[in-house]
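What follows is a short report on a single structure.
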Amino acid sequence: AGRGADAIRLYRSRLQSESERLVEQLYPQEFPKSITGFAFSDVPFQKALHASIRALGFDAYKKLLVSQFHRVSLILDHCALVRKLAGQTMDDVERATKAAADEGSGGRGEGATATVARILKEQRASVQHEFGSTMEELSDMFHARCAKLLSHRADQNAHLGMTGFAQIYSVSQMFTQRLRRSNTKMGYGLKSIIVSQNEQWVQADVPVDFQAMVNNIVEGKQEQWEGRHLTTASMSATAATKEQQDSLLYVGGTGYPVVGCSLMLIKIVIEYLECARTIESLVVDVVQRLTDVLKVFNSRTCQVILGAGAMQSAGLKNISAKHIALASQALGLVIRLIPYVQSAMQHTLSRSQFVLLEQFDKAENDYREHQVELFQKLVTIMAERANVHCHSLE
């Protein structure tokens with residue numbers, strides 16, 4: 001039993017060092033070969049890898065990921081095959097040993113046969129344990145190395161359009177699924193937003209790209225979302241000409257004045273819709289994240305307007321009727337948009353998942369209740385102003 005386990009441990013050590021060498025062969029040419037004297041987790045190694053990975057163009061980077069994950073898969077397949085062959089060899093040894101024990105006992109010693117069976121069982125368990133440890137250590141190593149390829153370009157990947165993001169995600173899923181077959185898991189996440197604490201609550205112009213995106217959602221033209229990737233620059237810039245902007249954002253024929261955070265919310269909603277359409281495996285996550293984003297926008301708007309938080313966070317002298325009116329319009333825009341977003345998500349869900357869409361109904365109700373509170377606050381302000389003017393006329 002000890003010899004079998006010792007042989008597997010030796011195999012594991014050789015396999016791990018050879019796997020590291022094979023993986024590092026795929027690193028960019030800019031990666032200095034002299035750095036390989038360091039361990040993977042050492043700072044000099046990571047600095048060199050960081051610089052070489054970030055210098056790659058998108059196509060070269062994607063090719064590196066594909067090659068890396070393909071090689072990792074081959075190594076894991078090799079290890080699984082060796083494990084299978086070892087099991088078959090042990091089956092042959094077990095049958096031969098039991099036969100020899102039976103012959104040697106001359107049919108008199110059931111105890112001897114039982115002892116042999118116990119020893120073989122212990123040997124099998126020991127070998128299988130060592131193979132399990134080998135697969136686990138390999139998976140951990142590959143997980144760490146492939147995760148670094150993604151994290152070193154995290155900010156660059158964050159600026160990818162949906163097409164590029166989908167490609168990177170698809171390649172990563174290949175790796176994730178392969179590790180899961182080796183009893184290892186790797187997670188993923190989507191980004192979320194909050195209303196900017198520095199929002200000044202002044203009306204913003206609406207770039208033509210935003211109006212086109214909203215029109216596509218309203219008209220159900222999902223295939224036209226892709227390719228119109230909005231950037232932070234396009235949201236903050238005042239665009240080239242006045243003809244490229246409007247003072248209102250129209251949803252189903254109704255115009256709404258918007259503030260900066262409303263445009264940010266629209267951008268994030270569109271990105272999530274593109275994500276759900278492009279990557280089917282994330283649809284359920286997207287529903288949850290979308291409704292979370294809507295809840296956060298609603299609660300933060302309440303905090304900064306009704307709660308007067310904008311006086312501290314954005315330096316406003318007071319919360320005026322104009323601020324409240326703009327906040328109400330911001331909520332009205334979302335209320336008008338939610339049914340179209342809900343309809344768009346319905347096309348990506350299976351019938352059994354339609355129950356998830358009820359979360360949008362709950363979010364819409366919360367927005368309507370908040371809007372009523374804003375209306376009541378406006379009425380209170382107007383009543384106070386009327387009383388002041390009435391007293392001045394006495």
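FYI, nothing fancy with the structure tokens labels: chains A, B, ... in order, residues from 1 per chain, ligands from 1 as they appear.
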Polymer residues at most 7 Å from Gln203 in chain A, only C-alpha atoms, same-chain spacing of 2 or more positions, as a list of chain:residue names: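 Once the nearby chain positions are removed, what remains is A:Trp201, A:Asp205, A:Pro257, A:Val258, A:Val259.
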Selection near range 349-357 of chain A, 12 Å with only C-alpha atoms, sequence-local residues under 6 positions removed, as a VMD selection string: chain A and resid 273 276 to 277 279 to 291 338 to 343 363 to 364
Within 12 Å of Phe131 in chain A using only C-alpha atoms, minus same-chain residues under 5 positions, as a PyMOL selection string: chain A and resi 4-13+15+76+79-87+124-126+136-138+182
Produce a file of the selected residues containing C-alpha atoms, as a compact mmCIF listing (two decimals), in the first residue's frame.
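Dumped everything to again_22.txt:
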# COMPACT_ATOMS: atom_id res chain seq x y z
CA GLY A 4 1.56 2.64 -4.44
CA ALA A 5 0.93 5.86 -2.51
CA ASP A 6 4.62 6.81 -2.68
CA ALA A 7 4.60 6.32 -6.45
CA ILE A 8 1.54 8.59 -6.82
CA ARG A 9 3.16 11.29 -4.65
CA LEU A 10 6.27 11.20 -6.85
CA TYR A 11 4.06 11.38 -9.93
CA ARG A 12 2.21 14.38 -8.44
CA SER A 13 5.44 16.27 -7.78
CA LEU A 15 3.36 16.46 -12.85
CA LEU A 76 -6.32 17.35 -16.36
CA CYS A 79 -4.22 12.98 -14.96
CA ALA A 80 -7.73 11.49 -15.13
CA LEU A 81 -6.53 8.88 -17.62
CA VAL A 82 -3.59 7.87 -15.42
CA ARG A 83 -5.99 7.59 -12.50
CA LYS A 84 -8.28 5.34 -14.54
CA LEU A 85 -5.38 3.14 -15.67
CA ALA A 86 -4.14 2.85 -12.09
CA GLY A 87 -7.61 1.73 -11.04
CA ARG A 124 -6.94 1.12 -3.20
CA ALA A 125 -8.19 3.76 -0.74
CA SER A 126 -4.65 5.09 -0.26
CA GLU A 136 -7.17 19.03 -6.18
CA GLU A 137 -3.70 20.57 -6.09
CA LEU A 138 -3.56 20.79 -9.89
CA SER A 182 -12.58 17.81 -11.30
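Of the listed residues A:Val208, A:Ala166, A:Met213, A:Cys390, the one whose atoms come nearest to Ile266 in chain A is A:Met213, with distances taken using only C-alpha atoms.
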Gap from CA of Thr301 in chain A to CA of His370 in chain A - Å, one decimal: 9.3 Å
Leu263 in chain A surroundings by only C-alpha atoms, 10 Å radius, close-in-sequence under 5 positions cut, as number ranges by chain: A: 204-207, 210, 235-236, 249, 258, 268-269, 330
Got time to write the residues from that selection, N, CA, C and O atoms, as a tab-separated table (two decimals), in the first residue's frame?
chain	number	residue	atom	x	y	z
A	204	ALA	N	-29.96	67.25	-17.34
A	204	ALA	CA	-28.87	66.97	-18.29
A	204	ALA	C	-29.45	66.77	-19.68
A	204	ALA	O	-30.62	66.40	-19.85
A	205	ASP	N	-28.62	67.07	-20.69
A	205	ASP	CA	-29.01	66.79	-22.06
A	205	ASP	C	-28.95	65.29	-22.31
A	205	ASP	O	-28.20	64.56	-21.66
A	206	VAL	N	-29.73	64.83	-23.29
A	206	VAL	CA	-29.81	63.41	-23.60
A	206	VAL	C	-29.08	63.13	-24.90
A	206	VAL	O	-29.53	63.55	-25.97
A	207	PRO	N	-27.91	62.46	-24.88
A	207	PRO	CA	-27.20	62.11	-26.11
A	207	PRO	C	-28.06	61.21	-26.99
A	207	PRO	O	-28.87	60.42	-26.49
A	210	PHE	N	-28.33	57.40	-26.29
A	210	PHE	CA	-29.21	56.94	-25.21
A	210	PHE	C	-30.64	56.81	-25.71
A	210	PHE	O	-31.35	55.85	-25.39
A	235	MET	N	-21.33	59.78	-21.98
A	235	MET	CA	-22.37	60.24	-21.08
A	235	MET	C	-22.04	61.61	-20.52
A	235	MET	O	-22.92	62.43	-20.32
A	236	SER	N	-20.78	61.88	-20.25
A	236	SER	CA	-20.41	63.14	-19.62
A	236	SER	C	-20.14	64.24	-20.63
A	236	SER	O	-20.26	65.42	-20.32
A	249	LEU	N	-35.75	62.67	-22.50
A	249	LEU	CA	-35.60	61.28	-22.92
A	249	LEU	C	-37.00	60.71	-23.08
A	249	LEU	O	-37.79	60.71	-22.13
A	258	VAL	N	-34.02	64.41	-17.50
A	258	VAL	CA	-33.16	63.46	-16.80
A	258	VAL	C	-32.02	64.16	-16.10
A	258	VAL	O	-31.66	65.30	-16.45
A	268	ILE	N	-26.49	51.07	-17.43
A	268	ILE	CA	-26.31	49.80	-16.74
A	268	ILE	C	-27.43	48.83	-17.08
A	268	ILE	O	-27.19	47.63	-17.30
A	269	VAL	N	-28.67	49.32	-17.14
A	269	VAL	CA	-29.79	48.45	-17.50
A	269	VAL	C	-29.57	47.84	-18.88
A	269	VAL	O	-29.77	46.64	-19.09
A	330	ALA	N	-37.27	61.44	-12.52
A	330	ALA	CA	-36.31	60.33	-12.63
A	330	ALA	C	-36.99	59.01	-12.27
A	330	ALA	O	-36.79	57.98	-12.93
Within 8 Å of Arg54 in chain A using only C-alpha atoms, minus same-chain residues under 2 positions, as number ranges by chain: A: 50-52, 56, 152-153
Using only C-alpha atoms: which of A:Tyr27, A:Phe375, A:Asp92, A:Thr134 has the shortest distance to Arg14 in chain A: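 Nearest candidate to Arg14 in chain A out of A:Tyr27, A:Phe375, A:Asp92, A:Thr134: A:Thr134.
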